[in-house]
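A.B. asks: Structure: my_file_7.txt, compact mmCIF, C-alpha atoms and all ligand atoms.
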```txt
# COMPACT_ATOMS: atom_id res chain seq x y z
CA MET A 2 47.44 -6.08 -22.15
CA GLN A 3 47.27 -2.99 -24.31
CA ILE A 4 45.75 -0.21 -22.23
CA PRO A 5 42.54 1.03 -23.94
CA GLN A 6 42.06 4.64 -24.98
CA LYS A 7 40.19 6.84 -22.51
CA PHE A 8 36.41 6.19 -22.87
CA VAL A 9 34.52 9.01 -24.55
CA ALA A 10 30.72 8.75 -24.47
CA PRO A 11 28.89 9.69 -27.70
CA PRO A 12 26.15 12.36 -27.45
CA ARG A 13 23.15 10.02 -27.38
CA LEU A 14 19.57 11.18 -26.98
CA LEU A 15 18.21 8.67 -24.46
CA MET A 16 14.64 7.94 -25.56
CA GLY A 17 14.50 4.38 -24.28
CA PRO A 18 13.05 2.85 -21.12
CA GLY A 19 15.84 4.35 -18.99
CA PRO A 20 18.32 5.72 -18.29
CA SER A 21 17.02 9.06 -19.47
CA ASP A 22 19.01 12.19 -20.29
CA VAL A 23 20.63 13.85 -17.28
CA ALA A 24 20.67 17.62 -16.71
CA PRO A 25 24.13 19.26 -16.97
CA SER A 26 23.91 20.49 -13.37
CA VAL A 27 23.39 16.89 -12.17
CA LEU A 28 26.51 15.80 -14.06
CA THR A 29 28.56 18.66 -12.63
CA ALA A 30 27.22 17.90 -9.14
CA MET A 31 28.67 14.39 -9.54
CA ALA A 32 32.05 15.74 -10.61
CA GLN A 33 32.59 17.58 -7.31
CA PRO A 34 35.37 16.45 -4.95
CA LEU A 35 34.45 13.70 -2.54
CA VAL A 36 33.76 14.33 1.12
CA GLY A 37 33.62 11.56 3.71
CA HIS A 38 30.26 9.82 4.12
CA LEU A 39 30.14 10.75 7.81
CA ASP A 40 31.31 14.33 7.20
CA PRO A 41 28.75 16.74 8.73
CA VAL A 42 28.20 18.40 5.31
CA PHE A 43 27.36 15.03 3.76
CA VAL A 44 25.11 14.13 6.69
CA LYS A 45 23.25 17.43 6.20
CA MET A 46 22.88 16.62 2.51
CA MET A 47 21.50 13.16 3.36
CA GLU A 48 18.84 14.85 5.50
CA GLU A 49 17.95 17.15 2.59
CA ILE A 50 17.66 14.16 0.24
CA LYS A 51 15.30 12.44 2.69
CA ALA A 52 13.16 15.57 2.99
CA MET A 53 13.01 16.08 -0.80
CA LEU A 54 12.13 12.41 -1.34
CA ARG A 55 9.23 12.77 1.13
CA THR A 56 8.00 15.69 -0.98
CA VAL A 57 8.17 13.84 -4.32
CA PHE A 58 6.63 10.70 -2.81
CA GLU A 59 3.97 12.89 -1.11
CA THR A 60 4.48 11.21 2.25
CA LYS A 61 5.28 11.95 5.85
CA ASN A 62 6.97 8.54 6.30
CA ASP A 63 10.05 8.98 8.44
CA MET A 64 11.70 5.93 6.83
CA THR A 65 12.24 7.46 3.38
CA PHE A 66 15.74 7.33 1.88
CA PRO A 67 17.69 6.08 -1.16
CA VAL A 68 18.93 2.48 -0.97
CA SER A 69 22.46 2.16 -2.41
CA GLY A 70 21.72 0.11 -5.53
CA THR A 71 19.46 0.28 -8.56
CA GLY A 72 15.67 -0.13 -8.65
CA SER A 73 15.96 -3.91 -8.27
CA ALA A 74 17.77 -3.36 -4.95
CA GLY A 75 14.74 -1.34 -3.82
CA MET A 76 12.48 -4.21 -4.86
CA GLU A 77 14.58 -6.63 -2.81
CA PHE A 78 14.70 -4.15 0.11
CA CYS A 79 10.90 -4.10 0.33
CA CYS A 80 10.52 -7.86 -0.07
CA VAL A 81 13.26 -9.00 2.32
CA ASN A 82 12.14 -6.63 5.05
CA LEU A 83 8.42 -7.35 4.83
CA LEU A 84 8.39 -11.06 4.03
CA GLU A 85 9.30 -14.18 5.94
CA PRO A 86 9.13 -17.81 4.82
CA GLY A 87 5.55 -19.03 4.48
CA ASP A 88 4.00 -15.55 4.17
CA GLU A 89 1.21 -15.24 1.62
CA VAL A 90 1.60 -12.54 -1.02
CA ILE A 91 -0.52 -11.38 -3.93
CA ILE A 92 1.37 -9.81 -6.85
CA GLY A 93 -0.02 -8.20 -10.00
CA VAL A 94 1.76 -9.47 -13.10
CA ASN A 95 1.26 -7.57 -16.35
CA GLY A 96 4.84 -7.37 -17.55
CA VAL A 97 8.50 -7.98 -16.77
CA PHE A 98 8.66 -6.22 -13.43
CA GLY A 99 5.66 -7.90 -11.80
CA THR A 100 7.24 -11.18 -12.93
CA ARG A 101 10.55 -10.14 -11.31
CA MET A 102 8.78 -9.22 -8.07
CA CYS A 103 7.26 -12.74 -7.89
CA ASP A 104 10.76 -14.20 -8.25
CA VAL A 105 12.14 -11.96 -5.50
CA ALA A 106 9.21 -12.71 -3.14
CA GLU A 107 9.57 -16.46 -3.77
CA ARG A 108 13.28 -16.24 -2.93
CA CYS A 109 12.17 -14.79 0.45
CA GLY A 110 10.19 -18.02 0.97
CA ALA A 111 6.81 -16.35 0.40
CA LYS A 112 3.85 -18.17 -1.17
CA VAL A 113 2.96 -16.05 -4.18
CA THR A 114 -0.47 -15.80 -5.76
CA LYS A 115 -0.29 -14.04 -9.13
CA VAL A 116 -3.00 -11.75 -10.45
CA GLU A 117 -2.28 -11.73 -14.15
CA ALA A 118 -3.31 -9.38 -16.93
CA GLU A 119 -2.42 -9.39 -20.60
CA TRP A 120 0.81 -7.47 -21.17
CA GLY A 121 -0.13 -3.87 -21.99
CA ARG A 122 -3.25 -3.92 -19.83
CA ILE A 123 -3.67 -2.84 -16.20
CA ILE A 124 -4.22 -5.00 -13.11
CA GLU A 125 -7.96 -4.91 -12.45
CA PRO A 126 -9.08 -4.40 -8.82
CA ALA A 127 -11.83 -7.02 -9.29
CA LYS A 128 -9.19 -9.67 -10.01
CA VAL A 129 -7.23 -8.65 -6.91
CA LYS A 130 -10.45 -8.97 -4.89
CA GLU A 131 -10.99 -12.51 -6.26
CA ALA A 132 -7.42 -13.48 -5.34
CA LEU A 133 -7.76 -12.01 -1.84
CA ALA A 134 -10.87 -14.11 -1.26
CA LYS A 135 -8.85 -17.26 -1.98
CA VAL A 136 -5.86 -16.48 0.25
CA ALA A 137 -6.23 -17.30 3.96
CA LYS A 138 -3.96 -14.66 5.51
CA PRO A 139 -2.52 -12.26 2.91
CA LYS A 140 0.42 -10.33 4.30
CA LEU A 141 1.20 -8.18 1.28
CA VAL A 142 -0.40 -7.08 -1.98
CA ALA A 143 1.99 -5.65 -4.57
CA VAL A 144 1.63 -4.06 -8.01
CA VAL A 145 3.86 -2.25 -10.46
CA HIS A 146 2.43 1.25 -10.81
CA ALA A 147 4.05 2.04 -14.18
CA GLU A 148 4.99 -1.13 -16.12
CA THR A 149 7.99 -0.04 -18.17
CA SER A 150 7.90 -3.20 -20.28
CA THR A 151 4.40 -2.47 -21.61
CA GLY A 152 3.62 1.22 -21.04
CA ALA A 153 0.56 0.70 -18.79
CA LEU A 154 -0.24 2.73 -15.64
CA THR A 155 -2.27 0.74 -13.12
CA PRO A 156 -4.47 2.93 -10.86
CA VAL A 157 -3.61 1.76 -7.35
CA GLU A 158 -5.99 3.46 -4.92
CA GLU A 159 -8.76 0.87 -5.11
CA ILE A 160 -6.29 -2.01 -4.89
CA SER A 161 -4.75 -0.37 -1.81
CA LYS A 162 -8.16 -0.28 -0.10
CA LEU A 163 -8.81 -3.94 -0.94
CA ALA A 164 -5.42 -4.91 0.49
CA HIS A 165 -6.02 -3.02 3.73
CA ASP A 166 -9.56 -4.37 4.12
CA ALA A 167 -8.02 -7.85 3.95
CA GLY A 168 -5.43 -6.91 6.60
CA ALA A 169 -2.51 -6.86 4.16
CA LEU A 170 0.19 -4.28 3.53
CA PHE A 171 0.28 -2.58 0.14
CA LEU A 172 3.49 -2.26 -1.92
CA ILE A 173 4.02 -0.43 -5.23
CA ASP A 174 6.88 -0.23 -7.73
CA THR A 175 7.30 3.40 -8.83
CA VAL A 176 10.60 3.01 -10.68
CA THR A 177 9.16 4.57 -13.83
CA SER A 178 6.35 6.65 -12.34
CA LEU A 179 8.16 8.76 -9.72
CA GLY A 180 8.77 12.29 -11.02
CA GLY A 181 6.79 11.76 -14.24
CA CYS A 182 3.21 11.39 -13.01
CA PRO A 183 1.47 11.68 -9.63
CA VAL A 184 2.66 9.31 -6.88
CA LYS A 185 0.77 10.02 -3.64
CA LEU A 186 1.85 7.55 -1.01
CA ASP A 187 -0.13 8.85 1.96
CA GLU A 188 -3.31 9.69 0.06
CA TRP A 189 -3.27 6.25 -1.62
CA GLY A 190 -2.42 4.37 1.60
CA VAL A 191 0.80 2.84 0.28
CA ASP A 192 2.84 1.02 2.94
CA ALA A 193 5.99 0.30 0.97
CA VAL A 194 7.44 1.72 -2.21
CA TYR A 195 10.65 1.60 -4.21
CA SER A 196 11.79 3.62 -7.19
CA GLY A 197 14.87 4.29 -9.30
CA THR A 198 16.87 7.38 -10.08
CA GLN A 199 17.47 6.88 -13.81
CA LYS A 200 13.95 7.38 -15.16
CA CYS A 201 11.79 10.46 -14.51
CA LEU A 202 14.14 11.84 -11.85
CA SER A 203 16.80 12.06 -14.59
CA CYS A 204 19.74 11.06 -12.50
CA PRO A 205 22.20 8.28 -13.41
CA PRO A 206 21.25 4.77 -12.22
CA GLY A 207 22.63 3.69 -8.85
CA LEU A 208 20.19 4.63 -6.09
CA SER A 209 16.73 3.36 -5.26
CA PRO A 210 14.51 5.75 -3.30
CA VAL A 211 12.32 3.78 -0.89
CA SER A 212 9.73 4.59 1.76
CA LEU A 213 8.07 2.48 4.47
CA SER A 214 4.95 3.51 6.38
CA PRO A 215 4.91 3.19 10.20
CA ARG A 216 2.80 0.02 9.75
CA ALA A 217 5.37 -1.49 7.37
CA MET A 218 8.18 -0.51 9.78
CA GLU A 219 6.38 -2.33 12.58
CA VAL A 220 6.26 -5.48 10.41
CA ALA A 221 9.92 -5.10 9.36
CA THR A 222 11.21 -4.52 12.88
CA LYS A 223 9.08 -5.51 15.90
CA GLN A 224 6.91 -8.20 14.29
CA ARG A 225 9.68 -10.24 12.64
CA THR A 226 10.24 -13.73 13.93
CA LYS A 227 13.69 -14.03 12.29
CA LYS A 228 16.45 -11.63 11.26
CA VAL A 229 16.06 -10.12 7.78
CA GLN A 230 17.84 -12.57 5.45
CA SER A 231 19.87 -9.81 3.73
CA TRP A 232 22.41 -7.98 5.86
CA TYR A 233 22.94 -5.24 3.26
CA LEU A 234 19.25 -4.42 2.87
CA ASP A 235 18.08 -4.88 6.47
CA VAL A 236 16.12 -1.75 7.43
CA ASN A 237 16.85 -2.48 11.11
CA LEU A 238 20.52 -1.70 10.35
CA LEU A 239 19.99 0.89 7.62
CA SER A 240 17.72 2.95 9.86
CA SER A 241 20.66 3.68 12.18
CA TYR A 242 22.78 4.81 9.22
CA TRP A 243 20.15 6.99 7.56
CA GLY A 244 18.58 7.95 10.91
CA GLN A 245 19.87 10.29 13.61
CA GLU A 246 22.47 7.86 15.03
CA ARG A 247 24.64 7.72 11.85
CA VAL A 248 26.09 4.36 12.81
CA TYR A 249 28.39 3.13 10.04
CA HIS A 250 26.67 0.46 7.97
CA HIS A 251 28.13 0.73 4.46
CA THR A 252 29.77 3.57 2.56
CA ALA A 253 27.02 5.48 0.76
CA PRO A 254 27.93 6.17 -2.89
CA ILE A 255 28.89 9.80 -2.34
CA SER A 256 28.80 11.08 -5.93
CA MET A 257 25.49 9.37 -6.63
CA ASN A 258 23.97 11.13 -3.65
CA TYR A 259 25.32 14.46 -4.92
CA ALA A 260 23.56 13.69 -8.20
CA LEU A 261 20.27 12.70 -6.59
CA HIS A 262 20.31 15.80 -4.41
CA GLU A 263 20.61 18.01 -7.50
CA ALA A 264 18.07 15.99 -9.53
CA LEU A 265 15.49 16.24 -6.73
CA ARG A 266 16.20 19.94 -6.35
CA LEU A 267 15.56 20.47 -10.08
CA ALA A 268 12.29 18.53 -9.85
CA LEU A 269 11.11 20.70 -6.96
CA VAL A 270 12.24 23.95 -8.59
CA GLU A 271 10.19 23.00 -11.66
CA GLY A 272 7.26 22.02 -9.42
CA LEU A 273 5.71 18.56 -9.46
CA GLU A 274 2.48 19.65 -11.14
CA ASN A 275 4.39 21.48 -13.91
CA ARG A 276 6.61 18.46 -14.37
CA PHE A 277 3.68 16.09 -14.69
CA ARG A 278 1.98 18.45 -17.17
CA ARG A 279 5.16 18.57 -19.27
CA HIS A 280 5.28 14.76 -19.38
CA GLN A 281 1.61 14.58 -20.37
CA GLU A 282 1.91 17.25 -23.09
CA ASN A 283 4.95 15.65 -24.70
CA HIS A 284 3.30 12.22 -24.62
CA LEU A 285 0.24 13.68 -26.37
CA ALA A 286 2.45 15.43 -28.94
CA LEU A 287 4.24 12.14 -29.66
CA LYS A 288 0.95 10.27 -29.88
CA ALA A 289 -0.41 12.81 -32.41
CA GLY A 290 2.81 12.67 -34.47
CA LEU A 291 2.78 8.87 -34.45
CA LYS A 292 -0.81 8.89 -35.67
CA GLU A 293 0.18 10.98 -38.69
CA LEU A 294 2.82 8.34 -39.46
CA GLY A 295 0.23 5.56 -39.20
CA LEU A 296 1.63 4.34 -35.87
CA SER A 297 -0.14 3.91 -32.55
CA ILE A 298 0.48 3.17 -28.90
CA ALA A 299 -0.16 -0.47 -28.07
CA SER A 300 -0.96 -0.25 -24.34
CA GLN A 301 -4.49 0.01 -22.96
CA GLU A 302 -6.27 3.21 -24.01
CA GLY A 303 -6.95 5.44 -21.01
CA HIS A 304 -4.04 3.94 -19.04
CA GLN A 305 -1.09 4.81 -21.26
CA LEU A 306 2.04 6.07 -19.56
CA TRP A 307 3.14 9.60 -20.40
CA GLN A 308 6.79 8.72 -19.85
CA LEU A 309 7.01 5.42 -21.73
CA ASN A 310 5.28 4.87 -25.03
CA ALA A 311 4.94 1.28 -26.25
CA VAL A 312 4.54 1.78 -29.98
CA GLY A 313 3.28 -1.03 -32.23
CA VAL A 314 5.68 -1.85 -35.08
CA PRO A 315 3.95 -2.06 -38.48
CA ALA A 316 3.97 -5.50 -40.13
CA GLY A 317 6.96 -5.83 -42.42
CA LEU A 318 9.12 -3.30 -40.54
CA ASP A 319 12.23 -4.83 -38.98
CA GLU A 320 12.22 -3.21 -35.54
CA ALA A 321 15.79 -4.27 -34.68
CA ALA A 322 17.03 -2.62 -37.88
CA LEU A 323 14.94 0.48 -37.09
CA ARG A 324 16.45 0.78 -33.61
CA LYS A 325 19.93 0.25 -35.02
CA ARG A 326 19.51 3.02 -37.59
CA LEU A 327 18.03 5.38 -35.01
CA LEU A 328 21.11 4.80 -32.86
CA THR A 329 23.87 4.80 -35.45
CA GLU A 330 22.52 7.43 -37.86
CA HIS A 331 20.59 9.70 -35.48
CA ASN A 332 22.18 9.06 -32.06
CA ILE A 333 18.72 8.24 -30.66
CA GLU A 334 18.28 5.29 -28.31
CA VAL A 335 14.85 3.66 -28.08
CA GLY A 336 14.01 0.35 -26.39
CA ALA A 337 13.00 -3.04 -27.75
CA GLY A 338 9.90 -4.98 -26.73
CA LEU A 339 10.45 -7.64 -24.06
CA GLY A 340 8.96 -11.12 -23.56
CA PRO A 341 5.77 -11.62 -25.59
CA LEU A 342 6.14 -8.07 -27.00
CA LYS A 343 9.63 -8.70 -28.46
CA GLY A 344 9.63 -7.66 -32.12
CA LYS A 345 6.09 -6.25 -31.82
CA ILE A 346 6.76 -2.89 -30.16
CA ILE A 347 9.45 -0.33 -29.66
CA ARG A 348 9.53 1.60 -26.40
CA ILE A 349 9.96 5.35 -26.63
CA GLY A 350 10.81 7.01 -23.35
CA LEU A 351 9.97 10.64 -22.62
CA MET A 352 11.27 10.65 -19.09
CA GLY A 353 12.50 13.59 -17.04
CA GLU A 354 15.04 15.67 -19.01
CA THR A 355 14.24 13.70 -22.17
CA SER A 356 10.60 14.81 -22.08
CA LYS A 357 10.94 17.81 -24.39
CA ARG A 358 8.97 18.85 -27.47
CA GLU A 359 12.18 19.15 -29.50
CA ASN A 360 13.00 15.50 -28.72
CA VAL A 361 9.54 14.39 -29.86
CA ASP A 362 10.10 16.26 -33.14
CA ARG A 363 13.62 14.87 -33.51
CA PHE A 364 12.36 11.29 -33.12
CA LEU A 365 9.50 11.80 -35.58
CA ALA A 366 11.84 13.36 -38.18
CA ALA A 367 14.34 10.50 -37.79
CA TYR A 368 11.58 7.88 -38.09
CA ARG A 369 10.24 9.58 -41.22
CA GLU A 370 13.65 9.55 -42.83
CA ILE A 371 14.28 5.87 -42.00
CA ALA A 372 10.79 4.80 -43.13
CA LYS A 373 11.52 6.37 -46.57
CA GLY A 374 14.09 3.59 -46.95
C1 LIG A 401 9.09 -0.80 -13.32
C2 LIG A 401 10.50 -1.21 -13.03
N1 LIG A 401 10.77 -1.87 -11.90
C3 LIG A 401 12.02 -2.25 -11.60
C4 LIG A 401 13.09 -1.99 -12.44
C5 LIG A 401 14.46 -2.44 -12.08
O1 LIG A 401 15.30 -1.34 -11.92
P1 LIG A 401 16.87 -1.41 -12.18
O2 LIG A 401 17.07 -1.81 -13.60
O3 LIG A 401 17.30 0.00 -11.89
O4 LIG A 401 17.45 -2.39 -11.23
C6 LIG A 401 12.85 -1.30 -13.63
C7 LIG A 401 13.95 -1.01 -14.57
O5 LIG A 401 13.76 -0.70 -15.72
C8 LIG A 401 11.53 -0.90 -13.93
O6 LIG A 401 11.26 -0.23 -15.06
```
For this file, produce the structure as structure tokens.
Ligand SMILES: Cc1ncc(COP(=O)(O)O)c(C=O)c1O

C.D. replies:
Amino acid sequence: MQIPQKFVAPPRLLMGPGPSDVAPSVLTAMAQPLVGHLDPVFVKMMEEIKAMLRTVFETKNDMTFPVSGTGSAGMEFCCVNLLEPGDEVIIGVNGVFGTRMCDVAERCGAKVTKVEAEWGRIIEPAKVKEALAKVAKPKLVAVVHAETSTGALTPVEEISKLAHDAGALFLIDTVTSLGGCPVKLDEWGVDAVYSGTQKCLSCPPGLSPVSLSPRAMEVATKQRTKKVQSWYLDVNLLSSYWGQERVYHHTAPISMNYALHEALRLALVEGLENRFRRHQENHLALKAGLKELGLSIASQEGHQLWQLNAVGVPAGLDEAALRKRLLTEHNIEVGAGLGPLKGKIIRIGLMGETSKRENVDRFLAAYREIAKG
């Protein structure tokens, strides 16, 4: 074969549903020389990552660490560890990622009851309550906190209480919410959570921060009747690698952990409250600018994500052509609609490093120019 030229990445502005832009210091952290994954300096760094993750997740859970894999690996981690064949599970489905969670839970042999909502709307606690009343012995209730496919933020506190009152564990997907809006595991009574690095933490994709409460750990370890069906994601094995024993399990992706360490540090230096305020302000600035252009956000009013804006495409505008021109002429990536929203919305991400006023203005100027024809 002819050996290709060295790959050179163009300077894109990542305003899609993820990955988001990455801070220069995160990129330079990744470019550092490797150390061994059991080297004492790496082990110390792993401890710092765990501690910083507890801070951003607002939890005291000991079992808090980044799974080696993307957000979907975190989803599988939670499901395979908490579910066994025949278990009854209730899952909120209001977009792509609730749908994916049902698939993953079914592959674990669980019996899934879906609580559905129109795409773009939140999962209503009353509908979860109805579902709980119909399920004999619910083991787990799960919802996607921030549905990236539709731009809706489901409030989870009330659903958590309903789950616990019914004797079930409560699981949330925070892939898009973590680092962009409040995520309070202990205050909300969340037993299991997974996230991703490439959204509001502004780190490249490749790790999935997870956390299990002591109750969830009990279910995943002492109460299991069979071994966890996935060797790679079994918390019984991973806990010895990420815990004090440091027993070799797999080789942690060293450079990715360097990156996450720096990304978490940046989030904490900024301060979580300041970071959330920045995401909110830039969302509101985009929303106001869109209004002037005759555009609006399609997800449920009062529950719109700050970090992911699902914008309705005006009739007659070819959204694929719009996205293509944004990318090729302006170096701006935005996302397409998925499933029933394909062709009807574009998804504009203002996540982490991307959430800047100048990026809002750059998008609006580019849109204006393209809309002129
Ligand atoms: C809400 C949500 N959950 C899960 C995932 C899956 O994460 P990944 O693509 O990193 O595997 C995504 C990815 O976009 C997501 O937005």

A.B. asks: So, with all atoms listed in the file as the atoms that count, which of A:Asn258, A:Ser203, A:Gln301, A:Asn360 lies closest to Ala118 (chain A)?

C.D. replies: A:Gln301

A.B. asks: To one decimal place, how far is CA of His262 (chain A) from CA of Glu188 (chain A) in Å?

C.D. replies: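 Atom-to-atom, CA of His262 (chain A) and CA of Glu188 (chain A) are spaced 24.8 Å apart.
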
A.B. asks: A:Pro183, A:Gly207, A:Gly110, A:Gly93: which is nearest Val229 (chain A), counting only C-alpha atoms?

C.D. replies: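 Of A:Pro183, A:Gly207, A:Gly110, A:Gly93, the one nearest Val229 (chain A), counting only C-alpha atoms, is A:Gly110.
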
A.B. asks: Please determine, counting all atoms listed in the file, which residue among A:Gly338, A:Gly190, A:Gly181, A:Pro205 has the shortest atom-to-atom distance to Trp307 (chain A).

C.D. replies: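 Using all atoms listed in the file, the shortest distance to Trp307 (chain A) belongs to A:Gly181.
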
A.B. asks: Would you list the residues near (10.6, 13.4, -31.7) (no more than 10 Å away, in the coordinates of the file, using all atoms listed in the file) as a ChimeraX atom specification?

C.D. replies: /A:16,283,286-287,290-291,333,349,351,356-368

A.B. asks: Nearest to ligand LIG 401 (chain A): which of A:Leu328, A:Val105, A:Leu84, A:Leu39 is it, counting all atoms listed in the file?

C.D. replies: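 For ligand LIG 401 (chain A), the nearest of the candidates is A:Val105.
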
A.B. asks: Select, from A:Cys109, A:Ile346, A:Ala32, A:Val94, the residue with the minimum atom-to-atom distance to Cys79 (chain A), counting all atoms listed in the file.

C.D. replies: A:Cys109

A.B. asks: Could you pull out the residues sitting within 7 Å of ligand LIG 401 (chain A), using all atoms listed in the file, and write them as a PyMOL selection string?

C.D. replies: chain A and resi 18-19+71-74+98+145+147-150+174-177+197+206

A.B. asks: List as an MDAnalysis selection string: which residues have an atom within 12 Å of (24.8, 7.8, -38.1), counting only C-alpha atoms?

C.D. replies: chainID A and resid 11:13 324:333 367 371

A.B. asks: Which value, in Å to one decimal, gives the distance between CA of Ala153 (chain A) and CA of Arg266 (chain A)?

C.D. replies: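 If I compute the distance from CA of Ala153 (chain A) to CA of Arg266 (chain A), I get 27.7 Å.
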
A.B. asks: Please determine, counting all atoms listed in the file, which residue among A:Ser69, A:Thr155, A:Thr198, A:Thr222 has the shortest atom-to-atom distance to Val23 (chain A).

C.D. replies: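 Looking only at the distances to Val23 (chain A), the closest residue turns out to be A:Thr198.
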
A.B. asks: Please measure the separation of CA of Met46 (chain A) and CA of Gly70 (chain A), giving the value in Å to one decimal.

C.D. replies: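 About the pair CA of Met46 (chain A) and CA of Gly70 (chain A): they are 18.4 Å apart.
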
A.B. asks: Can you list, as a PDB file with C-alpha atoms, in the coordinates of the input, every protein, DNA or RNA residue that comes within 10 Å of region 171-173 of chain A when you count all atoms listed in the file, leaving out same-chain residues fewer than 6 positions away?

C.D. replies:
```pdb
ATOM      1  CA  MET A  76      12.480  -4.210  -4.860  1.00  0.00           C
ATOM      2  CA  CYS A  79      10.900  -4.100   0.330  1.00  0.00           C
ATOM      3  CA  CYS A  80      10.520  -7.860  -0.070  1.00  0.00           C
ATOM      4  CA  LEU A  83       8.420  -7.350   4.830  1.00  0.00           C
ATOM      5  CA  ILE A  91      -0.520 -11.380  -3.930  1.00  0.00           C
ATOM      6  CA  ILE A  92       1.370  -9.810  -6.850  1.00  0.00           C
ATOM      7  CA  GLY A  93      -0.020  -8.200 -10.000  1.00  0.00           C
ATOM      8  CA  LYS A 140       0.420 -10.330   4.300  1.00  0.00           C
ATOM      9  CA  LEU A 141       1.200  -8.180   1.280  1.00  0.00           C
ATOM     10  CA  VAL A 142      -0.400  -7.080  -1.980  1.00  0.00           C
ATOM     11  CA  ALA A 143       1.990  -5.650  -4.570  1.00  0.00           C
ATOM     12  CA  VAL A 144       1.630  -4.060  -8.010  1.00  0.00           C
ATOM     13  CA  VAL A 145       3.860  -2.250 -10.460  1.00  0.00           C
ATOM     14  CA  HIS A 146       2.430   1.250 -10.810  1.00  0.00           C
ATOM     15  CA  ALA A 147       4.050   2.040 -14.180  1.00  0.00           C
ATOM     16  CA  VAL A 157      -3.610   1.760  -7.350  1.00  0.00           C
ATOM     17  CA  ILE A 160      -6.290  -2.010  -4.890  1.00  0.00           C
ATOM     18  CA  SER A 161      -4.750  -0.370  -1.810  1.00  0.00           C
ATOM     19  CA  LYS A 162      -8.160  -0.280  -0.100  1.00  0.00           C
ATOM     20  CA  LEU A 163      -8.810  -3.940  -0.940  1.00  0.00           C
ATOM     21  CA  ALA A 164      -5.420  -4.910   0.490  1.00  0.00           C
ATOM     22  CA  HIS A 165      -6.020  -3.020   3.730  1.00  0.00           C
ATOM     23  CA  VAL A 184       2.660   9.310  -6.880  1.00  0.00           C
ATOM     24  CA  LEU A 186       1.850   7.550  -1.010  1.00  0.00           C
ATOM     25  CA  TRP A 189      -3.270   6.250  -1.620  1.00  0.00           C
ATOM     26  CA  GLY A 190      -2.420   4.370   1.600  1.00  0.00           C
ATOM     27  CA  VAL A 191       0.800   2.840   0.280  1.00  0.00           C
ATOM     28  CA  ASP A 192       2.840   1.020   2.940  1.00  0.00           C
ATOM     29  CA  ALA A 193       5.990   0.300   0.970  1.00  0.00           C
ATOM     30  CA  VAL A 194       7.440   1.720  -2.210  1.00  0.00           C
ATOM     31  CA  TYR A 195      10.650   1.600  -4.210  1.00  0.00           C
ATOM     32  CA  SER A 196      11.790   3.620  -7.190  1.00  0.00           C
ATOM     33  CA  SER A 212       9.730   4.590   1.760  1.00  0.00           C
ATOM     34  CA  LEU A 213       8.070   2.480   4.470  1.00  0.00           C
ATOM     35  CA  SER A 214       4.950   3.510   6.380  1.00  0.00           C
ATOM     36  CA  ALA A 217       5.370  -1.490   7.370  1.00  0.00           C
TER      37      ALA A 217
END
```

A.B. asks: Name all residues at most 7 Å from Ala311 (chain A) (count all atoms listed in the file; drop same-chain ones fewer than 4 positions away) and give them as a CSV table (one decimal) with C-alpha atoms, keeping the file's coordinate frame.

C.D. replies:
```csv
chain,number,residue,atom,x,y,z
A,151,THR,CA,4.4,-2.5,-21.6
A,152,GLY,CA,3.6,1.2,-21.0
A,298,ILE,CA,0.5,3.2,-28.9
A,299,ALA,CA,-0.2,-0.5,-28.1
A,300,SER,CA,-1.0,-0.2,-24.3
A,346,ILE,CA,6.8,-2.9,-30.2
A,347,ILE,CA,9.4,-0.3,-29.7
A,348,ARG,CA,9.5,1.6,-26.4
A,349,ILE,CA,10.0,5.4,-26.6
```

A.B. asks: Which polymer residues have any atom within 10 Å of an atom of Phe277 (chain A), counting only C-alpha atoms, with same-chain residues fewer than 5 positions away left out, as a ChimeraX atom specification?

C.D. replies: /A:179-183,201,271-272,282,307-308,353
